[in-house]
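Trainee: Attaching a single structure in structure tokens format; questions to follow.
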Amino acid sequence: MNSNFLRNDMVLMAVFTLVVLTMPIWLAPIGAGYPDLLQKIAIYGIFAIGFNILFGLTGYLSFGHAAFLGVGSYAAVWTFKLFSMNVVPAILFGVIVAGLFALFIGYVSLRRSGIYFSILTLAFAQMSYNLAYSVLTPITNGETGLQLSQGDARVLDHALGIAQSGLPTPSFFGMEILGWSGFYVCAVALIIAFFFALRIFRSPFGMALKAIKSNQNRMNYTGFNTRPYTLAAFVVSGMYAGLAGSLLAVTDPLAGAERMQWTASGEVVLMTILGGAGTLLGPLLGAGIIKYFENIFSAYNERVLHDVFSGLPNGLEQIVVSFTSLFVGEGWQLTLGMLFMLVVIFLPGGVMEGFRRLTKLFRRDGPQSPAGAAQPAE
Amino acid sequence: MNDIVLHVADVDKSFGGLRALSNIDLQIEEGKTHAIIGPNGAGKSTLLNVCVGRIVPDSGAVIFNGKALTGRQPHEINQLGVARVFQTPEIFPDLSLLHNVMIPAFAKRDGAFTFNAWSGLVRESGIRAEAESVLEDIGLIEKKDLEAASLSRGDKRRLELAMGLVQHPRLLLLDEPTAGMSRHDTNRTIDLLKKIKERGMTKVIIEHDMHVVFSLADRISVLAQGRIIAEGTPEEVRNDPKVKEAYLGEAQ
């Protein structure tokens, strides 16, 4: 790290690294200390951090970012199939292909701004979804999804004499990506992705993006050609989505079209707004909160609810259970929707604004104290 | 006679049936402050918008420094050295004052697009110092870390002036730079504009306030109903009977 990086940011980066790597320890007490969930949090965190560069910094709301996630996944699985089970080329290839795809879609969509831009991205993503689902079956394997098979070429692995019996697993130079190693690959990717985002936030380029969000017209009269700026932001965030997509494939080498559906695009919007659009840490928090609650709430079913409310009188128990069951299991999205509404109405700046208000409260009461990672990054 | 920086050559512009500008021919000399005055609806703002590429004229051309501005994008016109200060403050409300002024300085130094996502803002001490010195000149240095949205309207206007000045443009176009300011702020702005004049920056000012016009302008063009009805030094214009009739008389 060189001198143009503030000491505060170095501290932030160090704390961030520590917090991410120790997630398995400090998230265990709330029932989240297992790799499947943690890697999902890390992956969707990357997705949201990248999305925030476009939405939070530049002010362009894309409703089609899941397309890049899906493209990243397909590209990674194809790399596994054709070249090697090593995760490094798969991730690189996923990021590059998603970036190129974003370059094309961004070039077309960014001719418009505001709601028209959002609609264009949504249309492109739905088009990609439908293509992946039907027309492009030879590439995407349609409904079934793209999977590994024993007959795959894997030219690099074969040339190097790395042979595996049965269906191969992704590996990091010989280390199999399974369970905890999967989480640590995602965690390292998250730390790097966060570092890049931090650099962008603290650069003149990042300041230009913020200025575009603030007053694009003024930027033009100030001598900036805003189109390449917005396009660069779009491509960078598309590459983040591609990274997230390829990590999904790394932890589970399978890619399906449903990953590109508009609900997935909507989810990353929710994550970013829930956590706090335009802040560094907010999108990651949003992703963590949504993935965690999805996991907790969707695990509940009526039987569990009967256990929980067994202390109540029989008739009342029945009513309570049938009411609460609307909000758990398959219906957990209802809970998410209500949570989202509450945040947008009472905390439009997301969870990060909540932190800011709390720190302000504490500062008024007690002596000033640095709040570490909870310090708003803005 | 000095070099001509800006030449508005035979510009016509109609909106529907209304002739906003007809046969406008205007030459702005290097280093001079040229005021354009005229009653409301005379076409002053339209003229300025033609100069920065916001409005494309029906016929005629705007030539800056030997290059045609007509048909160019706003950012290209700025990169050629024409900066504009708007009538309603166009600033970056969500950014600090310092960043508001640093941005145009970046545009001047790095051009219309640079992908400098990896370099740190903290290292840009040159740009920062430049922005701070302009904020100092304009009297907003104590507020440099505030969000621009929190400023009063008068302060916003001065901030926008700072955003124009930091680029050291060859030509600065000012659309009523003191509108909405208190008398005190107006006088401060006049002093500041006088100071810039000494540095030799060419300016075109549209202004209603005759106090501002007569304290700053080297030349004045009077616009009425889309035509230039008089042009000359402040003295000549003040004594022109046509001007008295069309504008000054009306004001008295």
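Ordering of the structure tokens sets the chain letters (A, B, ...), residue numbers begin anew at 1 in every chain, and ligands are numbered from 1 in the order given.
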Which of segment 147-282 of chain A counts as helix (DSSP H, G or I) under DSSP, as an mmCIF file with N, CA, C and O atoms, in the first residue's frame please?

Mentor:
```cif
data_model
loop_
_atom_site.group_PDB
_atom_site.id
_atom_site.type_symbol
_atom_site.label_atom_id
_atom_site.label_comp_id
_atom_site.auth_asym_id
_atom_site.auth_seq_id
_atom_site.Cartn_x
_atom_site.Cartn_y
_atom_site.Cartn_z
ATOM 1 N N VAL A 155 -8.519 -29.813 -21.195
ATOM 2 C CA VAL A 155 -7.241 -30.013 -21.891
ATOM 3 C C VAL A 155 -6.033 -29.742 -20.996
ATOM 4 O O VAL A 155 -5.051 -30.484 -21.019
ATOM 5 N N LEU A 156 -6.123 -28.668 -20.198
ATOM 6 C CA LEU A 156 -4.963 -28.325 -19.360
ATOM 7 C C LEU A 156 -4.698 -29.408 -18.312
ATOM 8 O O LEU A 156 -3.564 -29.829 -18.116
ATOM 9 N N ASP A 157 -5.776 -29.840 -17.649
ATOM 10 C CA ASP A 157 -5.616 -30.863 -16.617
ATOM 11 C C ASP A 157 -5.035 -32.154 -17.204
ATOM 12 O O ASP A 157 -4.145 -32.765 -16.617
ATOM 13 N N HIS A 158 -5.548 -32.510 -18.382
ATOM 14 C CA HIS A 158 -5.059 -33.742 -19.002
ATOM 15 C C HIS A 158 -3.608 -33.600 -19.425
ATOM 16 O O HIS A 158 -2.803 -34.513 -19.255
ATOM 17 N N ALA A 159 -3.280 -32.404 -19.963
ATOM 18 C CA ALA A 159 -1.896 -32.183 -20.392
ATOM 19 C C ALA A 159 -0.946 -32.244 -19.207
ATOM 20 O O ALA A 159 0.180 -32.730 -19.315
ATOM 21 N N TRP A 180 -15.094 -25.586 3.942
ATOM 22 C CA TRP A 180 -14.446 -24.377 4.425
ATOM 23 C C TRP A 180 -13.495 -23.753 3.412
ATOM 24 O O TRP A 180 -13.373 -22.538 3.345
ATOM 25 N N SER A 181 -12.801 -24.580 2.623
ATOM 26 C CA SER A 181 -11.892 -23.978 1.637
ATOM 27 C C SER A 181 -12.680 -23.129 0.645
ATOM 28 O O SER A 181 -12.213 -22.093 0.188
ATOM 29 N N GLY A 182 -13.909 -23.555 0.347
ATOM 30 C CA GLY A 182 -14.780 -22.765 -0.526
ATOM 31 C C GLY A 182 -15.047 -21.399 0.069
ATOM 32 O O GLY A 182 -14.950 -20.376 -0.602
ATOM 33 N N PHE A 183 -15.354 -21.404 1.360
ATOM 34 C CA PHE A 183 -15.589 -20.107 2.018
ATOM 35 C C PHE A 183 -14.349 -19.237 1.952
ATOM 36 O O PHE A 183 -14.444 -18.044 1.662
ATOM 37 N N TYR A 184 -13.176 -19.825 2.208
ATOM 38 C CA TYR A 184 -11.985 -18.964 2.248
ATOM 39 C C TYR A 184 -11.622 -18.410 0.874
ATOM 40 O O TYR A 184 -11.153 -17.275 0.776
ATOM 41 N N VAL A 185 -11.857 -19.173 -0.179
ATOM 42 C CA VAL A 185 -11.661 -18.622 -1.527
ATOM 43 C C VAL A 185 -12.581 -17.411 -1.725
ATOM 44 O O VAL A 185 -12.146 -16.343 -2.174
ATOM 45 N N CYS A 186 -13.841 -17.554 -1.339
ATOM 46 C CA CYS A 186 -14.797 -16.449 -1.495
ATOM 47 C C CYS A 186 -14.418 -15.267 -0.609
ATOM 48 O O CYS A 186 -14.549 -14.106 -1.009
ATOM 49 N N ALA A 187 -13.943 -15.569 0.608
ATOM 50 C CA ALA A 187 -13.577 -14.503 1.536
ATOM 51 C C ALA A 187 -12.410 -13.694 0.978
ATOM 52 O O ALA A 187 -12.424 -12.455 1.035
ATOM 53 N N VAL A 188 -11.403 -14.390 0.429
ATOM 54 C CA VAL A 188 -10.260 -13.670 -0.140
ATOM 55 C C VAL A 188 -10.726 -12.819 -1.325
ATOM 56 O O VAL A 188 -10.345 -11.650 -1.459
ATOM 57 N N ALA A 189 -11.587 -13.401 -2.164
ATOM 58 C CA ALA A 189 -12.122 -12.634 -3.297
ATOM 59 C C ALA A 189 -12.875 -11.404 -2.787
ATOM 60 O O ALA A 189 -12.748 -10.307 -3.344
ATOM 61 N N LEU A 190 -13.631 -11.573 -1.717
ATOM 62 C CA LEU A 190 -14.396 -10.456 -1.151
ATOM 63 C C LEU A 190 -13.460 -9.352 -0.663
ATOM 64 O O LEU A 190 -13.692 -8.169 -0.905
ATOM 65 N N ILE A 191 -12.381 -9.765 -0.001
ATOM 66 C CA ILE A 191 -11.444 -8.766 0.530
ATOM 67 C C ILE A 191 -10.802 -7.988 -0.619
ATOM 68 O O ILE A 191 -10.708 -6.759 -0.581
ATOM 69 N N ILE A 192 -10.401 -8.707 -1.664
ATOM 70 C CA ILE A 192 -9.804 -8.026 -2.821
ATOM 71 C C ILE A 192 -10.832 -7.104 -3.479
ATOM 72 O O ILE A 192 -10.537 -5.945 -3.807
ATOM 73 N N ALA A 193 -12.050 -7.617 -3.645
ATOM 74 C CA ALA A 193 -13.105 -6.818 -4.288
ATOM 75 C C ALA A 193 -13.389 -5.562 -3.476
ATOM 76 O O ALA A 193 -13.578 -4.472 -4.030
ATOM 77 N N PHE A 194 -13.388 -5.707 -2.155
ATOM 78 C CA PHE A 194 -13.644 -4.556 -1.297
ATOM 79 C C PHE A 194 -12.508 -3.541 -1.415
ATOM 80 O O PHE A 194 -12.739 -2.330 -1.468
ATOM 81 N N PHE A 195 -11.291 -4.042 -1.477
ATOM 82 C CA PHE A 195 -10.129 -3.165 -1.614
ATOM 83 C C PHE A 195 -10.224 -2.345 -2.909
ATOM 84 O O PHE A 195 -10.013 -1.132 -2.909
ATOM 85 N N PHE A 196 -10.577 -3.004 -3.998
ATOM 86 C CA PHE A 196 -10.749 -2.294 -5.273
ATOM 87 C C PHE A 196 -11.824 -1.221 -5.157
ATOM 88 O O PHE A 196 -11.648 -0.102 -5.635
ATOM 89 N N ALA A 197 -12.934 -1.589 -4.531
ATOM 90 C CA ALA A 197 -14.033 -0.623 -4.391
ATOM 91 C C ALA A 197 -13.583 0.575 -3.566
ATOM 92 O O ALA A 197 -13.905 1.718 -3.881
ATOM 93 N N LEU A 198 -12.803 0.293 -2.529
ATOM 94 C CA LEU A 198 -12.291 1.374 -1.679
ATOM 95 C C LEU A 198 -11.416 2.316 -2.490
ATOM 96 O O LEU A 198 -11.527 3.539 -2.393
ATOM 97 N N ARG A 199 -10.560 1.734 -3.328
ATOM 98 C CA ARG A 199 -9.696 2.570 -4.176
ATOM 99 C C ARG A 199 -10.533 3.436 -5.110
ATOM 100 O O ARG A 199 -10.243 4.599 -5.328
ATOM 101 N N ILE A 200 -11.587 2.832 -5.675
ATOM 102 C CA ILE A 200 -12.441 3.596 -6.598
ATOM 103 C C ILE A 200 -13.129 4.735 -5.850
ATOM 104 O O ILE A 200 -13.167 5.874 -6.316
ATOM 105 N N PHE A 201 -13.643 4.433 -4.647
ATOM 106 C CA PHE A 201 -14.309 5.462 -3.846
ATOM 107 C C PHE A 201 -13.373 6.625 -3.551
ATOM 108 O O PHE A 201 -13.808 7.760 -3.453
ATOM 109 N N PRO A 204 -10.049 10.143 -7.957
ATOM 110 C CA PRO A 204 -10.720 11.206 -8.736
ATOM 111 C C PRO A 204 -11.826 10.633 -9.613
ATOM 112 O O PRO A 204 -12.868 11.269 -9.808
ATOM 113 N N PHE A 205 -11.614 9.422 -10.105
ATOM 114 C CA PHE A 205 -12.642 8.764 -10.922
ATOM 115 C C PHE A 205 -13.921 8.577 -10.106
ATOM 116 O O PHE A 205 -15.022 8.876 -10.577
ATOM 117 N N GLY A 206 -13.753 8.094 -8.875
ATOM 118 C CA GLY A 206 -14.908 7.902 -8.000
ATOM 119 C C GLY A 206 -15.610 9.219 -7.712
ATOM 120 O O GLY A 206 -16.844 9.285 -7.681
ATOM 121 N N MET A 207 -14.825 10.267 -7.528
ATOM 122 C CA MET A 207 -15.414 11.577 -7.278
ATOM 123 C C MET A 207 -16.213 12.032 -8.502
ATOM 124 O O MET A 207 -17.303 12.594 -8.362
ATOM 125 N N ALA A 208 -15.680 11.756 -9.693
ATOM 126 C CA ALA A 208 -16.403 12.117 -10.916
ATOM 127 C C ALA A 208 -17.731 11.355 -10.984
ATOM 128 O O ALA A 208 -18.753 11.918 -11.371
ATOM 129 N N LEU A 209 -17.716 10.076 -10.586
ATOM 130 C CA LEU A 209 -18.967 9.307 -10.609
ATOM 131 C C LEU A 209 -19.985 9.912 -9.646
ATOM 132 O O LEU A 209 -21.166 10.047 -9.975
ATOM 133 N N LYS A 210 -19.521 10.285 -8.443
ATOM 134 C CA LYS A 210 -20.425 10.914 -7.479
ATOM 135 C C LYS A 210 -20.995 12.208 -8.054
ATOM 136 O O LYS A 210 -22.167 12.522 -7.858
ATOM 137 N N ALA A 211 -20.140 12.955 -8.758
ATOM 138 C CA ALA A 211 -20.589 14.221 -9.327
ATOM 139 C C ALA A 211 -21.617 13.975 -10.426
ATOM 140 O O ALA A 211 -22.568 14.740 -10.572
ATOM 141 N N ILE A 212 -21.458 12.889 -11.180
ATOM 142 C CA ILE A 212 -22.438 12.558 -12.218
ATOM 143 C C ILE A 212 -23.784 12.273 -11.572
ATOM 144 O O ILE A 212 -24.831 12.714 -12.032
ATOM 145 N N LYS A 213 -23.741 11.542 -10.451
ATOM 146 C CA LYS A 213 -24.990 11.253 -9.746
ATOM 147 C C LYS A 213 -25.623 12.560 -9.247
ATOM 148 O O LYS A 213 -26.828 12.736 -9.299
ATOM 149 N N SER A 214 -24.781 13.458 -8.790
ATOM 150 C CA SER A 214 -25.270 14.688 -8.190
ATOM 151 C C SER A 214 -25.845 15.649 -9.232
ATOM 152 O O SER A 214 -26.897 16.244 -9.008
ATOM 153 N N ASN A 215 -25.165 15.813 -10.361
ATOM 154 C CA ASN A 215 -25.635 16.748 -11.383
ATOM 155 C C ASN A 215 -24.912 16.466 -12.706
ATOM 156 O O ASN A 215 -23.872 17.028 -12.992
ATOM 157 N N GLN A 216 -25.494 15.572 -13.481
ATOM 158 C CA GLN A 216 -24.834 15.141 -14.713
ATOM 159 C C GLN A 216 -24.712 16.278 -15.724
ATOM 160 O O GLN A 216 -23.703 16.409 -16.412
ATOM 161 N N ASN A 217 -25.750 17.108 -15.782
ATOM 162 C CA ASN A 217 -25.743 18.231 -16.705
ATOM 163 C C ASN A 217 -24.547 19.142 -16.426
ATOM 164 O O ASN A 217 -23.819 19.552 -17.333
ATOM 165 N N ARG A 218 -24.310 19.392 -15.157
ATOM 166 C CA ARG A 218 -23.205 20.246 -14.766
ATOM 167 C C ARG A 218 -21.873 19.626 -15.199
ATOM 168 O O ARG A 218 -20.951 20.322 -15.622
ATOM 169 N N MET A 219 -21.777 18.312 -15.064
ATOM 170 C CA MET A 219 -20.544 17.625 -15.464
ATOM 171 C C MET A 219 -20.229 17.894 -16.933
ATOM 172 O O MET A 219 -19.090 18.133 -17.306
ATOM 173 N N ASN A 220 -21.275 17.860 -17.776
ATOM 174 C CA ASN A 220 -21.054 18.103 -19.198
ATOM 175 C C ASN A 220 -20.538 19.512 -19.440
ATOM 176 O O ASN A 220 -19.596 19.706 -20.201
ATOM 177 N N TYR A 221 -21.139 20.490 -18.747
ATOM 178 C CA TYR A 221 -20.700 21.866 -18.947
ATOM 179 C C TYR A 221 -19.370 22.142 -18.241
ATOM 180 O O TYR A 221 -18.781 23.186 -18.427
ATOM 181 N N THR A 226 -19.454 12.516 -20.001
ATOM 182 C CA THR A 226 -19.932 11.613 -18.952
ATOM 183 C C THR A 226 -20.197 10.195 -19.457
ATOM 184 O O THR A 226 -20.204 9.262 -18.670
ATOM 185 N N ARG A 227 -20.405 10.035 -20.755
ATOM 186 C CA ARG A 227 -20.708 8.694 -21.275
ATOM 187 C C ARG A 227 -19.636 7.659 -20.942
ATOM 188 O O ARG A 227 -19.949 6.606 -20.374
ATOM 189 N N PRO A 228 -18.364 7.910 -21.275
ATOM 190 C CA PRO A 228 -17.360 6.908 -20.909
ATOM 191 C C PRO A 228 -17.259 6.667 -19.406
ATOM 192 O O PRO A 228 -16.957 5.547 -18.985
ATOM 193 N N TYR A 229 -17.558 7.678 -18.595
ATOM 194 C CA TYR A 229 -17.529 7.469 -17.139
ATOM 195 C C TYR A 229 -18.614 6.487 -16.718
ATOM 196 O O TYR A 229 -18.354 5.547 -15.979
ATOM 197 N N THR A 230 -19.835 6.741 -17.216
ATOM 198 C CA THR A 230 -20.919 5.840 -16.830
ATOM 199 C C THR A 230 -20.672 4.442 -17.384
ATOM 200 O O THR A 230 -20.930 3.446 -16.715
ATOM 201 N N LEU A 231 -20.114 4.377 -18.603
ATOM 202 C CA LEU A 231 -19.854 3.063 -19.192
ATOM 203 C C LEU A 231 -18.784 2.319 -18.388
ATOM 204 O O LEU A 231 -18.912 1.123 -18.125
ATOM 205 N N ALA A 232 -17.744 3.038 -17.975
ATOM 206 C CA ALA A 232 -16.699 2.395 -17.176
ATOM 207 C C ALA A 232 -17.287 1.876 -15.871
ATOM 208 O O ALA A 232 -16.994 0.745 -15.449
ATOM 209 N N ALA A 233 -18.147 2.679 -15.238
ATOM 210 C CA ALA A 233 -18.774 2.231 -13.993
ATOM 211 C C ALA A 233 -19.627 0.997 -14.246
ATOM 212 O O ALA A 233 -19.631 0.040 -13.455
ATOM 213 N N PHE A 234 -20.328 1.003 -15.370
ATOM 214 C CA PHE A 234 -21.192 -0.127 -15.707
ATOM 215 C C PHE A 234 -20.366 -1.394 -15.902
ATOM 216 O O PHE A 234 -20.695 -2.467 -15.394
ATOM 217 N N VAL A 235 -19.271 -1.270 -16.649
ATOM 218 C CA VAL A 235 -18.438 -2.445 -16.930
ATOM 219 C C VAL A 235 -17.787 -2.954 -15.644
ATOM 220 O O VAL A 235 -17.769 -4.165 -15.385
ATOM 221 N N VAL A 236 -17.292 -2.038 -14.815
ATOM 222 C CA VAL A 236 -16.671 -2.471 -13.553
ATOM 223 C C VAL A 236 -17.690 -3.228 -12.711
ATOM 224 O O VAL A 236 -17.402 -4.309 -12.185
ATOM 225 N N SER A 237 -18.904 -2.683 -12.624
ATOM 226 C CA SER A 237 -19.885 -3.375 -11.789
ATOM 227 C C SER A 237 -20.316 -4.685 -12.435
ATOM 228 O O SER A 237 -20.604 -5.663 -11.735
ATOM 229 N N GLY A 238 -20.315 -4.732 -13.768
ATOM 230 C CA GLY A 238 -20.590 -6.001 -14.449
ATOM 231 C C GLY A 238 -19.510 -7.032 -14.152
ATOM 232 O O GLY A 238 -19.787 -8.228 -14.000
ATOM 233 N N MET A 239 -18.267 -6.587 -14.045
ATOM 234 C CA MET A 239 -17.181 -7.511 -13.743
ATOM 235 C C MET A 239 -17.275 -8.040 -12.309
ATOM 236 O O MET A 239 -16.979 -9.205 -12.044
ATOM 237 N N TYR A 240 -17.720 -7.167 -11.390
ATOM 238 C CA TYR A 240 -17.967 -7.638 -10.024
ATOM 239 C C TYR A 240 -19.029 -8.737 -10.040
ATOM 240 O O TYR A 240 -18.895 -9.757 -9.375
ATOM 241 N N ALA A 241 -20.100 -8.500 -10.823
ATOM 242 C CA ALA A 241 -21.158 -9.500 -10.912
ATOM 243 C C ALA A 241 -20.600 -10.781 -11.516
ATOM 244 O O ALA A 241 -20.945 -11.891 -11.084
ATOM 245 N N GLY A 242 -19.711 -10.640 -12.509
ATOM 246 C CA GLY A 242 -19.097 -11.819 -13.118
ATOM 247 C C GLY A 242 -18.243 -12.570 -12.117
ATOM 248 O O GLY A 242 -18.230 -13.818 -12.099
ATOM 249 N N LEU A 243 -17.536 -11.840 -11.265
ATOM 250 C CA LEU A 243 -16.736 -12.475 -10.214
ATOM 251 C C LEU A 243 -17.648 -13.264 -9.277
ATOM 252 O O LEU A 243 -17.382 -14.435 -8.961
ATOM 253 N N ALA A 244 -18.749 -12.612 -8.865
ATOM 254 C CA ALA A 244 -19.695 -13.293 -7.982
ATOM 255 C C ALA A 244 -20.247 -14.547 -8.659
ATOM 256 O O ALA A 244 -20.326 -15.625 -8.051
ATOM 257 N N GLY A 245 -20.592 -14.413 -9.945
ATOM 258 C CA GLY A 245 -21.141 -15.550 -10.678
ATOM 259 C C GLY A 245 -20.146 -16.688 -10.785
ATOM 260 O O GLY A 245 -20.498 -17.865 -10.607
ATOM 261 N N SER A 246 -18.884 -16.360 -11.056
ATOM 262 C CA SER A 246 -17.915 -17.448 -11.193
ATOM 263 C C SER A 246 -17.636 -18.092 -9.829
ATOM 264 O O SER A 246 -17.392 -19.293 -9.754
ATOM 265 N N LEU A 247 -17.737 -17.308 -8.764
ATOM 266 C CA LEU A 247 -17.559 -17.914 -7.434
ATOM 267 C C LEU A 247 -18.720 -18.855 -7.099
ATOM 268 O O LEU A 247 -18.523 -19.885 -6.448
ATOM 269 N N LEU A 248 -19.914 -18.496 -7.555
ATOM 270 C CA LEU A 248 -21.040 -19.420 -7.377
ATOM 271 C C LEU A 248 -20.729 -20.746 -8.049
ATOM 272 O O LEU A 248 -21.027 -21.826 -7.517
ATOM 273 N N ALA A 249 -20.106 -20.654 -9.241
ATOM 274 C CA ALA A 249 -19.757 -21.873 -9.962
ATOM 275 C C ALA A 249 -18.588 -22.602 -9.292
ATOM 276 O O ALA A 249 -18.512 -23.825 -9.325
ATOM 277 N N VAL A 250 -17.695 -21.849 -8.684
ATOM 278 C CA VAL A 250 -16.553 -22.469 -8.011
ATOM 279 C C VAL A 250 -17.027 -23.286 -6.806
ATOM 280 O O VAL A 250 -16.572 -24.406 -6.576
ATOM 281 N N THR A 251 -17.979 -22.699 -6.045
ATOM 282 C CA THR A 251 -18.431 -23.413 -4.858
ATOM 283 C C THR A 251 -19.431 -24.508 -5.196
ATOM 284 O O THR A 251 -19.643 -25.412 -4.412
ATOM 285 N N ALA A 257 -30.115 -21.145 -15.781
ATOM 286 C CA ALA A 257 -30.631 -19.887 -16.319
ATOM 287 C C ALA A 257 -31.339 -19.053 -15.255
ATOM 288 O O ALA A 257 -31.350 -17.826 -15.320
ATOM 289 N N GLU A 258 -31.913 -19.733 -14.242
ATOM 290 C CA GLU A 258 -32.702 -18.986 -13.249
ATOM 291 C C GLU A 258 -31.850 -17.961 -12.506
ATOM 292 O O GLU A 258 -32.358 -17.012 -11.920
ATOM 293 N N ARG A 259 -30.539 -18.153 -12.547
ATOM 294 C CA ARG A 259 -29.630 -17.203 -11.915
ATOM 295 C C ARG A 259 -29.742 -15.812 -12.573
ATOM 296 O O ARG A 259 -29.355 -14.814 -11.996
ATOM 297 N N MET A 260 -30.230 -15.780 -13.814
ATOM 298 C CA MET A 260 -30.301 -14.511 -14.544
ATOM 299 C C MET A 260 -31.670 -13.865 -14.463
ATOM 300 O O MET A 260 -31.897 -12.811 -15.038
ATOM 301 N N TRP A 262 -35.144 -11.935 -13.379
ATOM 302 C CA TRP A 262 -35.245 -10.573 -12.854
ATOM 303 C C TRP A 262 -35.342 -10.534 -11.335
ATOM 304 O O TRP A 262 -34.962 -9.555 -10.707
ATOM 305 N N THR A 263 -35.841 -11.637 -10.728
ATOM 306 C CA THR A 263 -35.901 -11.643 -9.267
ATOM 307 C C THR A 263 -34.492 -11.549 -8.676
ATOM 308 O O THR A 263 -34.278 -10.901 -7.657
ATOM 309 N N ALA A 264 -33.532 -12.172 -9.363
ATOM 310 C CA ALA A 264 -32.156 -12.103 -8.878
ATOM 311 C C ALA A 264 -31.599 -10.695 -9.050
ATOM 312 O O ALA A 264 -30.854 -10.199 -8.202
ATOM 313 N N SER A 265 -31.987 -10.035 -10.147
ATOM 314 C CA SER A 265 -31.562 -8.643 -10.350
ATOM 315 C C SER A 265 -32.169 -7.751 -9.282
ATOM 316 O O SER A 265 -31.533 -6.836 -8.769
ATOM 317 N N GLY A 266 -33.446 -8.040 -8.960
ATOM 318 C CA GLY A 266 -34.126 -7.241 -7.948
ATOM 319 C C GLY A 266 -33.501 -7.431 -6.582
ATOM 320 O O GLY A 266 -33.410 -6.490 -5.787
ATOM 321 N N GLU A 267 -33.044 -8.655 -6.317
ATOM 322 C CA GLU A 267 -32.480 -8.949 -5.002
ATOM 323 C C GLU A 267 -31.266 -8.072 -4.694
ATOM 324 O O GLU A 267 -31.116 -7.568 -3.585
ATOM 325 N N VAL A 268 -30.411 -7.876 -5.706
ATOM 326 C CA VAL A 268 -29.203 -7.092 -5.443
ATOM 327 C C VAL A 268 -29.557 -5.617 -5.234
ATOM 328 O O VAL A 268 -28.904 -4.912 -4.464
ATOM 329 N N VAL A 269 -30.645 -5.166 -5.862
ATOM 330 C CA VAL A 269 -31.118 -3.802 -5.604
ATOM 331 C C VAL A 269 -31.556 -3.692 -4.143
ATOM 332 O O VAL A 269 -31.198 -2.747 -3.432
ATOM 333 N N LEU A 270 -32.318 -4.701 -3.688
ATOM 334 C CA LEU A 270 -32.774 -4.703 -2.296
ATOM 335 C C LEU A 270 -31.589 -4.691 -1.334
ATOM 336 O O LEU A 270 -31.560 -3.926 -0.372
ATOM 337 N N MET A 271 -30.611 -5.539 -1.608
ATOM 338 C CA MET A 271 -29.445 -5.628 -0.722
ATOM 339 C C MET A 271 -28.768 -4.270 -0.591
ATOM 340 O O MET A 271 -28.437 -3.826 0.506
ATOM 341 N N THR A 272 -28.572 -3.626 -1.749
ATOM 342 C CA THR A 272 -27.837 -2.359 -1.752
ATOM 343 C C THR A 272 -28.609 -1.277 -1.003
ATOM 344 O O THR A 272 -28.042 -0.539 -0.199
ATOM 345 N N ILE A 273 -29.918 -1.203 -1.247
ATOM 346 C CA ILE A 273 -30.705 -0.166 -0.590
ATOM 347 C C ILE A 273 -30.859 -0.470 0.898
ATOM 348 O O ILE A 273 -30.758 0.423 1.739
ATOM 349 N N LEU A 274 -31.068 -1.730 1.214
ATOM 350 C CA LEU A 274 -31.224 -2.129 2.617
ATOM 351 C C LEU A 274 -29.983 -1.757 3.418
ATOM 352 O O LEU A 274 -30.063 -1.224 4.525
ATOM 353 N N GLY A 275 -28.819 -2.026 2.852
ATOM 354 C CA GLY A 275 -27.575 -1.735 3.572
ATOM 355 C C GLY A 275 -27.223 -0.260 3.539
ATOM 356 O O GLY A 275 -26.682 0.272 4.500
ATOM 357 N N GLY A 282 -22.268 -0.666 3.276
ATOM 358 C CA GLY A 282 -23.700 -0.921 3.263
ATOM 359 C C GLY A 282 -24.137 -2.106 2.411
ATOM 360 O O GLY A 282 -24.814 -3.005 2.910
#
```

Trainee: Find the residues in chain B near chain A: any atom within 10 Å counts, using only C-alpha atoms. Write them as a VMD selection string.

Mentor: chain B and resid 52 to 54 73 to 86 89 to 95 99 to 100 102 to 108 110 to 124 163 to 164 167

Trainee: From the options A:Leu110, A:Glu294, A:Thr22, A:Ala123, which residue's atoms come nearest to Leu334 of chain A, counting only C-alpha atoms?

Mentor: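 Residue with the minimum atom-to-atom distance to Leu334 of chain A: A:Glu294.
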
Trainee: Return as a PyMOL selection string the full set of residues in segment 106-306 of chain A whose backbone-based DSSP assignment is strand (DSSP E or B).

Mentor: chain A and resi 146-147+171-172+175-176+254-255

Trainee: Using only C-alpha atoms, please write the residues we just selected to a file, as a short mmCIF file (atom, residue, chain, number, x, y, z; two decimals), in the first residue's frame.

Mentor:
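Writing done, so here's selection_29.cif:
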```cif
data_model
loop_
_atom_site.label_atom_id
_atom_site.label_comp_id
_atom_site.auth_asym_id
_atom_site.auth_seq_id
_atom_site.Cartn_x
_atom_site.Cartn_y
_atom_site.Cartn_z
CA LEU A 146 -24.78 -26.47 -17.34
CA GLN A 147 -23.01 -29.25 -15.45
CA SER A 171 -9.44 -26.98 -6.92
CA PHE A 172 -6.97 -24.26 -6.08
CA MET A 175 -6.40 -27.97 -2.86
CA GLU A 176 -9.97 -29.14 -3.30
CA LEU A 254 -23.30 -25.80 -12.01
CA ALA A 255 -24.93 -22.90 -13.81
#
```

Trainee: Which residue gives the smallest distance to Asn65 of chain B among B:Ser22, B:His208, B:Arg170, B:Val11, with only C-alpha atoms counted?

Mentor: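 Among B:Ser22, B:His208, B:Arg170, B:Val11, it is B:Arg170 that comes nearest to Asn65 of chain B.
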